[in-house]
Structure formats: C-alpha cells, structure tokens
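See below for target-v3.cif, which holds mmCIF, C-alpha atoms and all ligand atoms.
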```
data_final
loop_
_atom_site.label_atom_id
_atom_site.label_comp_id
_atom_site.auth_asym_id
_atom_site.auth_seq_id
_atom_site.Cartn_x
_atom_site.Cartn_y
_atom_site.Cartn_z
CA MET L 1 161.24 98.82 58.47
CA ASN L 2 162.80 96.34 60.90
CA GLN L 3 160.68 94.06 63.07
CA SER L 4 160.64 96.22 66.19
CA GLU L 5 159.61 99.30 64.18
CA ASN L 6 156.80 97.23 62.69
CA VAL L 7 155.54 96.30 66.14
CA ALA L 8 155.69 99.93 67.22
CA ALA L 9 153.76 101.03 64.12
CA GLU L 10 151.08 98.39 64.75
CA GLN L 11 150.74 99.54 68.31
CA ARG L 12 150.25 103.13 67.24
CA ALA L 13 147.76 101.98 64.62
CA GLY L 14 145.66 100.36 67.35
CA VAL L 15 145.49 103.45 69.55
CA GLU L 16 143.22 106.33 68.59
CA VAL L 17 142.40 109.49 70.53
CA THR L 18 138.93 110.98 70.04
CA LYS L 19 136.74 113.42 71.95
CA ASP L 20 133.29 112.90 73.46
CA LYS L 21 130.51 115.44 73.01
CA ASN L 22 131.72 117.41 76.03
CA GLY L 23 135.17 117.71 74.47
CA ILE L 24 136.77 115.18 76.84
CA GLU L 25 139.45 113.06 75.27
CA GLN L 26 138.98 109.33 75.03
CA VAL L 27 141.51 106.72 73.97
CA VAL L 28 140.27 103.80 71.89
CA LEU L 29 142.40 100.66 71.93
CA ARG L 30 141.76 98.11 69.19
CA SER L 31 143.04 94.57 69.06
CA PRO L 32 144.15 93.14 65.69
CA ARG L 33 141.16 90.71 65.91
CA GLY L 34 138.60 93.46 66.36
CA ALA L 35 138.06 93.74 70.12
CA SER L 36 138.19 97.25 71.59
CA ALA L 37 138.32 99.27 74.78
CA ARG L 38 137.55 102.95 75.29
CA VAL L 39 139.18 104.88 78.13
CA SER L 40 138.06 108.36 79.10
CA LEU L 41 140.41 110.93 80.53
CA HIS L 42 137.52 111.78 82.83
CA GLY L 43 138.37 109.60 85.81
CA GLY L 44 140.90 107.51 83.88
CA GLN L 45 137.81 105.40 83.47
CA VAL L 46 137.39 102.52 81.04
CA LEU L 47 133.91 103.13 79.60
CA SER L 48 133.61 100.35 77.10
CA TRP L 49 135.17 96.94 76.54
CA LYS L 50 133.96 94.98 73.52
CA THR L 51 134.71 91.48 72.28
CA ASP L 52 135.79 90.87 68.68
CA ARG L 53 132.09 90.17 67.97
CA GLY L 54 131.17 93.65 69.18
CA GLU L 55 129.54 92.47 72.43
CA GLU L 56 129.83 95.03 75.23
CA LEU L 57 131.16 93.51 78.46
CA LEU L 58 130.78 96.58 80.67
CA PHE L 59 127.63 98.29 81.81
CA THR L 60 127.11 102.05 81.55
CA SER L 61 123.82 103.55 82.67
CA SER L 62 121.59 105.19 80.07
CA LYS L 63 121.29 107.99 82.65
CA ALA L 64 125.02 108.40 83.27
CA ILE L 65 126.22 112.00 83.52
CA PHE L 66 129.34 112.68 81.47
CA LYS L 67 130.18 116.10 82.88
CA PRO L 68 133.12 116.32 85.29
CA PRO L 69 133.35 116.51 88.25
CA THR L 70 130.40 114.09 88.43
CA ALA L 71 131.60 110.48 88.32
CA VAL L 72 130.27 108.43 85.41
CA ARG L 73 127.84 105.66 86.40
CA GLY L 74 129.34 102.67 84.68
CA GLY L 75 132.52 101.31 83.15
CA ILE L 76 135.43 101.01 85.57
CA PRO L 77 135.73 104.05 87.85
CA ILE L 78 138.90 104.15 89.93
CA CYS L 79 138.23 104.58 93.65
CA PHE L 80 141.27 106.31 95.14
CA PRO L 81 142.51 107.38 97.69
CA GLN L 82 139.42 106.25 99.58
CA PHE L 83 136.85 103.54 99.04
CA GLY L 84 133.21 104.40 99.84
CA ASN L 85 132.70 106.55 102.90
CA ARG L 86 135.51 104.95 104.92
CA GLY L 87 137.33 108.21 105.57
CA ALA L 88 136.96 111.98 105.49
CA LEU L 89 137.08 112.40 101.70
CA GLU L 90 134.19 112.44 99.26
CA GLN L 91 132.62 109.04 98.49
CA HIS L 92 135.13 106.77 96.65
CA GLY L 93 137.83 109.48 96.66
CA PHE L 94 138.58 112.13 94.06
CA ALA L 95 140.43 110.20 91.31
CA ARG L 96 137.23 109.23 89.46
CA ASN L 97 136.18 112.87 89.10
CA LYS L 98 139.46 114.23 87.76
CA ILE L 99 140.71 114.77 84.24
CA TRP L 100 143.76 112.56 83.78
CA VAL L 101 146.45 113.12 81.15
CA ILE L 102 147.90 110.80 78.52
CA ASP L 103 151.59 109.98 78.85
CA SER L 104 152.71 110.50 75.26
CA ASN L 105 156.02 108.75 75.91
CA PRO L 106 155.16 105.77 78.14
CA PRO L 107 157.64 103.08 79.13
CA PRO L 108 157.40 100.21 76.61
CA LEU L 109 155.67 96.90 77.25
CA HIS L 110 157.89 94.02 78.24
CA PRO L 111 159.16 92.45 74.95
CA ASN L 112 157.82 89.00 76.02
CA ASP L 113 154.39 90.45 76.57
CA SER L 114 153.87 92.84 73.70
CA GLU L 115 152.63 90.81 70.74
CA GLY L 116 149.35 92.14 69.43
CA LYS L 117 148.88 94.24 72.56
CA ASN L 118 147.90 97.89 72.54
CA TYR L 119 148.08 100.13 75.54
CA VAL L 120 147.82 103.62 76.91
CA ASP L 121 149.28 105.14 80.07
CA LEU L 122 147.29 107.79 81.90
CA LEU L 123 148.69 109.93 84.68
CA LEU L 124 147.14 111.67 87.65
CA LYS L 125 148.87 114.05 90.04
CA PRO L 126 147.13 115.94 92.83
CA SER L 127 145.85 119.42 92.09
CA PRO L 128 146.23 122.24 94.67
CA GLU L 129 142.58 121.59 95.73
CA ASP L 130 143.27 117.86 96.14
CA LEU L 131 146.26 118.68 98.34
CA LYS L 132 144.02 120.77 100.59
CA VAL L 133 141.74 117.80 101.32
CA TRP L 134 144.44 115.11 101.11
CA PRO L 135 147.90 116.62 101.70
CA HIS L 136 149.99 113.90 100.05
CA SER L 137 151.98 114.23 96.84
CA PHE L 138 151.57 111.17 94.67
CA GLU L 139 151.98 110.12 91.09
CA PHE L 140 149.43 107.66 89.75
CA ARG L 141 150.20 105.84 86.50
CA LEU L 142 147.37 103.76 85.07
CA ARG L 143 148.20 101.44 82.20
CA VAL L 144 145.24 100.04 80.27
CA SER L 145 146.07 97.38 77.70
CA LEU L 146 144.15 95.15 75.35
CA THR L 147 145.52 91.81 74.13
CA ALA L 148 145.01 90.34 70.67
CA ASP L 149 142.29 88.10 72.19
CA GLY L 150 140.54 91.17 73.55
CA TYR L 151 141.45 90.70 77.21
CA LEU L 152 141.75 93.86 79.26
CA THR L 153 144.50 94.54 81.77
CA MET L 154 144.71 97.51 84.10
CA ILE L 155 147.84 98.20 86.09
CA SER L 156 147.85 101.01 88.64
CA ARG L 157 151.18 102.22 89.94
CA ILE L 158 150.96 104.73 92.77
CA ARG L 159 154.13 106.38 94.02
CA ASP L 160 154.70 108.45 97.13
CA ILE L 161 156.65 111.52 95.99
CA ASN L 162 156.22 113.16 99.37
CA CYS L 163 158.66 113.33 102.24
CA LYS L 164 156.25 111.48 104.54
CA PRO L 165 154.27 108.23 104.34
CA PHE L 166 150.62 108.09 103.34
CA ARG L 167 147.83 105.52 103.36
CA PHE L 168 145.04 104.86 100.92
CA SER L 169 142.38 102.40 99.87
CA PHE L 170 141.62 101.49 96.28
CA ALA L 171 139.14 99.74 93.98
CA TYR L 172 138.61 99.07 90.30
CA HIS L 173 134.87 99.60 90.59
CA THR L 174 133.97 97.36 87.65
CA TYR L 175 130.40 97.49 86.32
CA PHE L 176 129.89 94.28 84.33
CA SER L 177 127.05 94.04 81.88
CA VAL L 178 124.91 90.95 82.59
CA SER L 179 121.90 89.64 80.69
CA ASP L 180 119.73 89.03 83.76
CA ILE L 181 121.04 89.42 87.30
CA SER L 182 118.82 86.61 88.61
CA GLU L 183 120.59 84.18 86.23
CA VAL L 184 124.12 85.16 87.25
CA ARG L 185 126.45 83.17 89.51
CA VAL L 186 129.72 84.35 91.01
CA GLU L 187 132.30 81.77 92.06
CA GLY L 188 135.51 82.22 94.01
CA LEU L 189 134.14 83.91 97.13
CA GLU L 190 132.86 80.79 98.92
CA THR L 191 133.66 80.50 102.65
CA LEU L 192 135.22 83.97 102.79
CA ASP L 193 134.53 86.57 105.43
CA TYR L 194 132.91 89.76 104.22
CA LEU L 195 131.94 93.16 105.57
CA ASP L 196 128.32 93.91 104.82
CA ASN L 197 127.60 97.56 104.01
CA LEU L 198 123.90 96.84 104.45
CA TYR L 199 124.59 95.93 108.12
CA GLN L 200 126.92 98.75 109.24
CA LYS L 201 129.97 96.93 107.83
CA GLU L 202 129.44 94.00 110.19
CA ARG L 203 131.55 90.91 109.46
CA PHE L 204 129.89 87.70 108.23
CA THR L 205 131.12 84.47 106.63
CA GLU L 206 129.90 83.42 103.20
CA GLN L 207 128.02 80.13 103.53
CA GLY L 208 126.73 79.29 100.07
CA ASP L 209 128.46 77.42 97.22
CA ALA L 210 128.37 80.34 94.83
CA LEU L 211 126.83 83.78 94.97
CA THR L 212 123.46 84.30 93.30
CA PHE L 213 121.31 87.42 93.42
CA GLU L 214 117.76 88.07 94.57
CA SER L 215 118.07 91.35 96.53
CA GLU L 216 120.45 94.25 97.17
CA VAL L 217 124.08 93.21 97.78
CA ASP L 218 126.83 95.54 99.01
CA ARG L 219 129.77 93.61 100.43
CA VAL L 220 133.54 93.68 100.75
CA TYR L 221 134.92 90.12 100.65
CA LEU L 222 138.21 89.88 102.50
CA ASN L 223 141.42 88.16 101.41
CA ALA L 224 139.82 86.71 98.32
CA THR L 225 141.55 84.23 95.99
CA ASP L 226 143.14 85.79 92.94
CA THR L 227 140.44 84.74 90.48
CA VAL L 228 136.71 85.30 90.64
CA ALA L 229 134.41 84.04 87.87
CA ILE L 230 131.10 85.55 86.79
CA PHE L 231 128.87 83.04 84.98
CA ASP L 232 126.14 84.52 82.81
CA HIS L 233 123.91 81.58 81.87
CA GLU L 234 121.58 83.40 79.53
CA ILE L 235 124.28 84.58 77.14
CA LYS L 236 126.54 81.62 77.88
CA ARG L 237 129.56 83.68 78.83
CA THR L 238 131.96 83.56 81.75
CA VAL L 239 134.08 86.54 82.68
CA PHE L 240 137.17 86.03 84.83
CA VAL L 241 138.50 88.72 87.15
CA ARG L 242 142.14 88.09 88.04
CA LYS L 243 143.81 90.39 90.51
CA GLU L 244 147.22 90.97 92.03
CA GLY L 245 148.05 93.26 94.93
CA LEU L 246 144.31 93.59 95.58
CA PRO L 247 143.24 91.40 98.51
CA ASP L 248 139.55 92.32 98.62
CA VAL L 249 136.59 91.95 96.28
CA VAL L 250 133.55 94.23 96.37
CA VAL L 251 130.24 92.87 95.12
CA TRP L 252 127.47 95.41 94.56
CA ASN L 253 124.03 95.44 93.04
CA PRO L 254 121.65 98.18 94.20
CA TRP L 255 118.47 96.20 93.35
CA GLU L 256 115.07 97.84 92.98
CA LYS L 257 114.67 100.33 95.82
CA LYS L 258 118.15 101.85 95.75
CA SER L 259 118.06 102.07 91.95
CA LYS L 260 115.07 104.37 92.21
CA SER L 261 116.98 106.71 94.52
CA MET L 262 119.94 107.18 92.14
CA VAL L 263 119.49 110.04 89.67
CA ASP L 264 122.03 108.67 87.22
CA PHE L 265 120.68 105.12 87.10
CA GLY L 266 117.53 103.73 85.45
CA ASP L 267 114.91 102.12 87.71
CA GLU L 268 115.24 98.73 86.00
CA GLU L 269 118.94 98.83 85.13
CA TYR L 270 119.98 96.84 88.21
CA LYS L 271 118.81 93.76 86.27
CA HIS L 272 121.60 94.21 83.76
CA MET L 273 124.66 95.08 85.84
CA LEU L 274 126.84 93.67 88.56
CA CYS L 275 129.86 95.31 90.16
CA VAL L 276 132.71 92.98 91.06
CA ASP L 277 135.74 95.03 92.06
CA GLY L 278 139.33 94.03 92.73
CA ALA L 279 140.16 96.23 95.73
CA ALA L 280 142.34 97.00 98.73
CA ILE L 281 140.00 98.25 101.41
CA GLU L 282 140.08 96.55 104.79
CA LYS L 283 143.82 96.99 105.25
CA GLN L 284 144.88 100.30 103.78
CA ILE L 285 148.05 100.42 101.68
CA THR L 286 150.90 102.39 103.25
CA LEU L 287 153.58 103.96 101.09
CA LYS L 288 156.79 105.41 102.45
CA PRO L 289 158.52 108.28 100.62
CA GLY L 290 159.75 107.05 97.23
CA GLU L 291 157.84 103.75 97.45
CA GLU L 292 155.49 102.50 94.76
CA TRP L 293 152.45 100.21 94.97
CA THR L 294 151.10 98.14 92.09
CA GLY L 295 147.56 96.80 91.78
CA ARG L 296 146.76 94.73 88.72
CA LEU L 297 143.45 93.58 87.27
CA GLU L 298 143.06 91.21 84.31
CA LEU L 299 139.67 90.69 82.75
CA SER L 300 139.04 87.88 80.29
CA PHE L 301 136.05 85.98 78.96
CA VAL L 302 135.14 82.60 77.50
CA PRO L 303 131.94 81.18 76.03
CA SER L 304 130.35 78.76 78.52
CA THR L 305 127.81 75.98 78.16
O1 LIG F 1 127.06 106.01 93.93
P1 LIG F 1 128.55 105.73 94.03
O2 LIG F 1 129.26 106.75 94.86
O3 LIG F 1 129.16 105.56 92.70
O4 LIG F 1 128.67 104.38 94.78
C1 LIG F 1 128.02 103.24 94.32
C2 LIG F 1 128.21 102.07 95.26
O5 LIG F 1 129.54 101.66 95.20
C3 LIG F 1 129.77 100.45 95.91
O6 LIG F 1 131.03 99.97 95.67
C4 LIG F 1 129.54 100.70 97.36
O7 LIG F 1 129.84 99.53 98.10
C5 LIG F 1 128.10 101.11 97.53
O8 LIG F 1 127.83 101.35 98.89
C6 LIG F 1 127.81 102.34 96.70
O9 LIG F 1 126.44 102.65 96.77
#
```
Translate this structure into structure tokens?
Amino acid sequence: MNQSENVAAEQRAGVEVTKDKNGIEQVVLRSPRGASARVSLHGGQVLSWKTDRGEELLFTSSKAIFKPPTAVRGGIPICFPQFGNRGALEQHGFARNKIWVIDSNPPPLHPNDSEGKNYVDLLLKPSPEDLKVWPHSFEFRLRVSLTADGYLTMISRIRDINCKPFRFSFAYHTYFSVSDISEVRVEGLETLDYLDNLYQKERFTEQGDALTFESEVDRVYLNATDTVAIFDHEIKRTVFVRKEGLPDVVVWNPWEKKSKSMVDFGDEEYKHMLCVDGAAIEKQITLKPGEEWTGRLELSFVPST
C-alpha cells in the first residue's frame, strides 16, 4: 500500500454508518486520538461531539423527539433557508426536518489539510413539497470533519442551480453543553449591536465586558468578530467558535419560563445548555444562477484555569 492509499484507508476506518432506533442513518466520525462526532441524516444535524476523554460538548435534551419531520432539540440543527420566523416559511426553515443523503464519493480533503482528519459530506436538494413553499432549486453540500485533536469543522456550500436568483438566511444553531449557565461567560461580542427577539427585534448595543446569564436571552449580534469564546468555569473548559462567511452570532437560552412551555425540553435543562450560533441573518445571502455560497464553522476547545 502506498502512502496515499494508507491515508484513504485510515479515513475510511474512522467513518462508520449506523442506524438509530427509528432506522435513521447516522455517521460516526472518530479521530485517531479517540474524539468522535455523530451526524444524523435527519436534518444533517451533528448530535454529538465528544473529546478524546469522552466528554460531550453538545447538549441534547432528554426530551428530544427523534422522529422526522420534528426537529431534534439539541446538537447543531441547520437553519436554512430561513432563520426563526423572519419570513413566510416554517420556523428556522425546512432543512433541519429533512432526511439528507450521504455523498458516497465526496471530493477529497485538501492534501495540506487531511492528516488525521475524517469527514463526511451530506447533501440536500429540495423535494417537490419544498419547491411549493420555496420555489428555488438549490444544492446544499454539508461537510462535517473531525481533526486528530477532536476539533469539529462544518462547511456548508449552497449552490443556486436555478435560472433565477434567490435569497436565504442561515444558522448553525449550536447547542453547547455547559455545566451551569450562571457560571458561563461569553467573550467576543462586546460593544456590538444586536437585535433582541425579546423586544420585537429592536436594536441595542452591548454594553458589558462579557456576556453572563441570569435570565432569558434571545439575540442576534450583528457583524461579529470571527471568534467567540465560551468560558465554562466549573469544568474549566473554553470552547472557541470560529466562523467564516457568517457575519452574525445568535445567543439563546430560554431560561425557566420558556423551558416549561417547550414540550421537547426539560424544565431545568436551560441550566445546562447555551446556543451560540454562527449565522447570516440580518443581511440575507443572495445567490445568482450558478453561484455558490460557503459558510464555515470551526469548533475547538482547551482546558482553562
Ligand atoms: O424551538 P425552535 O424552533 O427550535 O427555536 C428555538 C429558538 O431558536 C433561537 O435561535 C431563536 O432565536 C429563538 O427565538 C427560538 O425560540
């Protein structure tokens, strides 16, 4: 076996396809050092991301419903082609409710960026029902990859295969697992303007040094820097969210009252999750026929003191 065949064999060895109890396929990526990520074909949604010590970095509700077309409460749902209720489509668009397919012959990783990395490409194309509610032909390629260190990268490529332009908004609606929300600090959003969903999307400016949490938060930070850090003091871990092509950052925690109104979310679970999403919301993305958009999210973690 020559060296490139070896690399290819290792990559295949780190990618496993299984089924959940509803028969939905899931792809498990494993890093050579023992980290892992699990991606469901339901929603193209990453449902689990574990460090090499087996610590889960994403939150999934104990009450999550795993039956399509219901979206799964947790992991990283993809909001596309609409974020929230900012348009005529169902909340957060239809992509998170669909069954995606695996591309069994994906383009290779760049040779300079392939060592120890495993990946899967999922594809979504509109169904006849989708075209009735959103009459735009697109091809969505989602690449999920895991590095040897256990860092997770998601690259979304959306192409207009129509003969007319279309517009969309987008978010990687990332549910991070946190030890105790009142001990968490988010840095990187200081001084930014945000739209507050709790005040009819009114615009405010962030005043504090870092974000801390003591009540419901539902905001879209605008034109955010490319890296946001989530400090979890109790478990001494910092997670970094790096984004490209995604100007906005959503921060969401439903807190006590809203938690009780969600059927697929435990009353107390708000204490152990925080959504921080790389997103493109305020200014929609426009694609002309044949054009492609790329939105990239890189998640990494380090122990902190
Ligand atoms: O319940 P859903 O549709 O998954 O949405 C959850 C939340 O998603 C957030 O991103 C929105 O800003 C919130 O307003 C919303 O409540």
Test item: residues no farther than 10 Å from ligand LIG 1 (chain F), counting all atoms listed in the file, as a PyMOL selection string: chain L and resi 70-74+77+79+83-85+90-93+96+171-175+196-198+217-220+249-254+258-259+262-265+275-277+279
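Distance check against Glu244 of chain L using only C-alpha atoms: of L:Glu202, L:Glu55, L:Glu292, L:Glu298, the minimum falls on L:Glu298.
The two atoms in question, atom CA of Ser156 of chain L and atom CA of Leu142 of chain L, are spaced 4.5 Å apart.
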Nearest residue to Lys236 of chain L out of L:Ala224, L:Ala210, L:Val302, L:Leu287, using all atoms listed in the file?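 Closest to Lys236 of chain L of all the choices is L:Val302.
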For each of L:Asp248, L:Asp52, L:Asp20, L:Glu183, take the minimum atom-to-atom distance to Gly150 of chain L, counting all atoms listed in the file, then give the residue where this is smallest.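 For Gly150 of chain L, the nearest of the candidates is L:Asp52.
When all atoms listed in the file are used to compute distances to Trp49 of chain L, the closest of the residues L:Arg185, L:Ser304, L:Leu109, L:Leu299 turns out to be L:Leu299.
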Residues near Val241 of chain L, cut-off 7 Å, all atoms listed in the file, skip fewer than 6 positions along chain, as a list of chain:residue names: L:Thr227, L:Val228, L:Ala229, L:Leu297, L:Glu298, L:Leu299, L:Ser300
Pick from L:Asp232, L:Glu115, L:Glu190, L:Asp226: nearest to Gly245 of chain L, with only C-alpha atoms counted?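 Of all the options, L:Asp226 lies closest to Gly245 of chain L.
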Can you tell me how far atom CA of Glu129 of chain L sits from atom CA of His42 of chain L, in Å to one decimal?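 These atoms are spaced 17.0 Å apart.
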Will you model N, CA and C atoms for segment 104-119 of chain L and pass it back as a PDB file, in the frame of the given file?
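Contents of the output file rebuild.pdb:
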```pdb
ATOM      1  N   SER L 104     152.448 110.706  76.683  1.00  0.00           N
ATOM      2  CA  SER L 104     152.710 110.500  75.260  1.00  0.00           C
ATOM      3  C   SER L 104     154.013 109.731  75.030  1.00  0.00           C
ATOM      4  N   ASN L 105     154.776 109.505  76.069  1.00  0.00           N
ATOM      5  CA  ASN L 105     156.020 108.750  75.910  1.00  0.00           C
ATOM      6  C   ASN L 105     156.128 107.694  77.005  1.00  0.00           C
ATOM      7  N   PRO L 106     155.187 106.722  77.017  1.00  0.00           N
ATOM      8  CA  PRO L 106     155.160 105.770  78.140  1.00  0.00           C
ATOM      9  C   PRO L 106     156.275 104.749  78.055  1.00  0.00           C
ATOM     10  N   PRO L 107     156.676 104.176  79.186  1.00  0.00           N
ATOM     11  CA  PRO L 107     157.640 103.080  79.130  1.00  0.00           C
ATOM     12  C   PRO L 107     157.073 101.955  78.259  1.00  0.00           C
ATOM     13  N   PRO L 108     157.931 101.250  77.504  1.00  0.00           N
ATOM     14  CA  PRO L 108     157.400 100.210  76.610  1.00  0.00           C
ATOM     15  C   PRO L 108     156.884  98.997  77.370  1.00  0.00           C
ATOM     16  N   LEU L 109     156.085  98.181  76.686  1.00  0.00           N
ATOM     17  CA  LEU L 109     155.670  96.900  77.250  1.00  0.00           C
ATOM     18  C   LEU L 109     156.887  95.990  77.327  1.00  0.00           C
ATOM     19  N   HIS L 110     156.815  94.994  78.187  1.00  0.00           N
ATOM     20  CA  HIS L 110     157.890  94.020  78.240  1.00  0.00           C
ATOM     21  C   HIS L 110     157.921  93.271  76.897  1.00  0.00           C
ATOM     22  N   PRO L 111     159.106  93.089  76.278  1.00  0.00           N
ATOM     23  CA  PRO L 111     159.160  92.450  74.950  1.00  0.00           C
ATOM     24  C   PRO L 111     158.468  91.087  74.898  1.00  0.00           C
ATOM     25  N   ASN L 112     158.478  90.331  76.019  1.00  0.00           N
ATOM     26  CA  ASN L 112     157.820  89.000  76.020  1.00  0.00           C
ATOM     27  C   ASN L 112     156.305  89.108  76.090  1.00  0.00           C
ATOM     28  N   ASP L 113     155.817  90.303  76.295  1.00  0.00           N
ATOM     29  CA  ASP L 113     154.390  90.450  76.570  1.00  0.00           C
ATOM     30  C   ASP L 113     153.797  91.565  75.702  1.00  0.00           C
ATOM     31  N   SER L 114     154.315  91.687  74.475  1.00  0.00           N
ATOM     32  CA  SER L 114     153.870  92.840  73.700  1.00  0.00           C
ATOM     33  C   SER L 114     153.139  92.464  72.424  1.00  0.00           C
ATOM     34  N   GLU L 115     153.165  91.174  72.047  1.00  0.00           N
ATOM     35  CA  GLU L 115     152.630  90.810  70.740  1.00  0.00           C
ATOM     36  C   GLU L 115     151.120  91.082  70.640  1.00  0.00           C
ATOM     37  N   GLY L 116     150.767  91.867  69.676  1.00  0.00           N
ATOM     38  CA  GLY L 116     149.350  92.140  69.430  1.00  0.00           C
ATOM     39  C   GLY L 116     148.680  92.962  70.502  1.00  0.00           C
ATOM     40  N   LYS L 117     149.465  93.524  71.426  1.00  0.00           N
ATOM     41  CA  LYS L 117     148.880  94.240  72.560  1.00  0.00           C
ATOM     42  C   LYS L 117     148.964  95.743  72.322  1.00  0.00           C
ATOM     43  N   ASN L 118     147.883  96.432  72.603  1.00  0.00           N
ATOM     44  CA  ASN L 118     147.900  97.890  72.540  1.00  0.00           C
ATOM     45  C   ASN L 118     147.638  98.458  73.911  1.00  0.00           C
ATOM     46  N   TYR L 119     148.220  99.607  74.183  1.00  0.00           N
ATOM     47  CA  TYR L 119     148.080 100.130  75.540  1.00  0.00           C
ATOM     48  C   TYR L 119     148.158 101.640  75.560  1.00  0.00           C
TER      49      TYR L 119
END
```
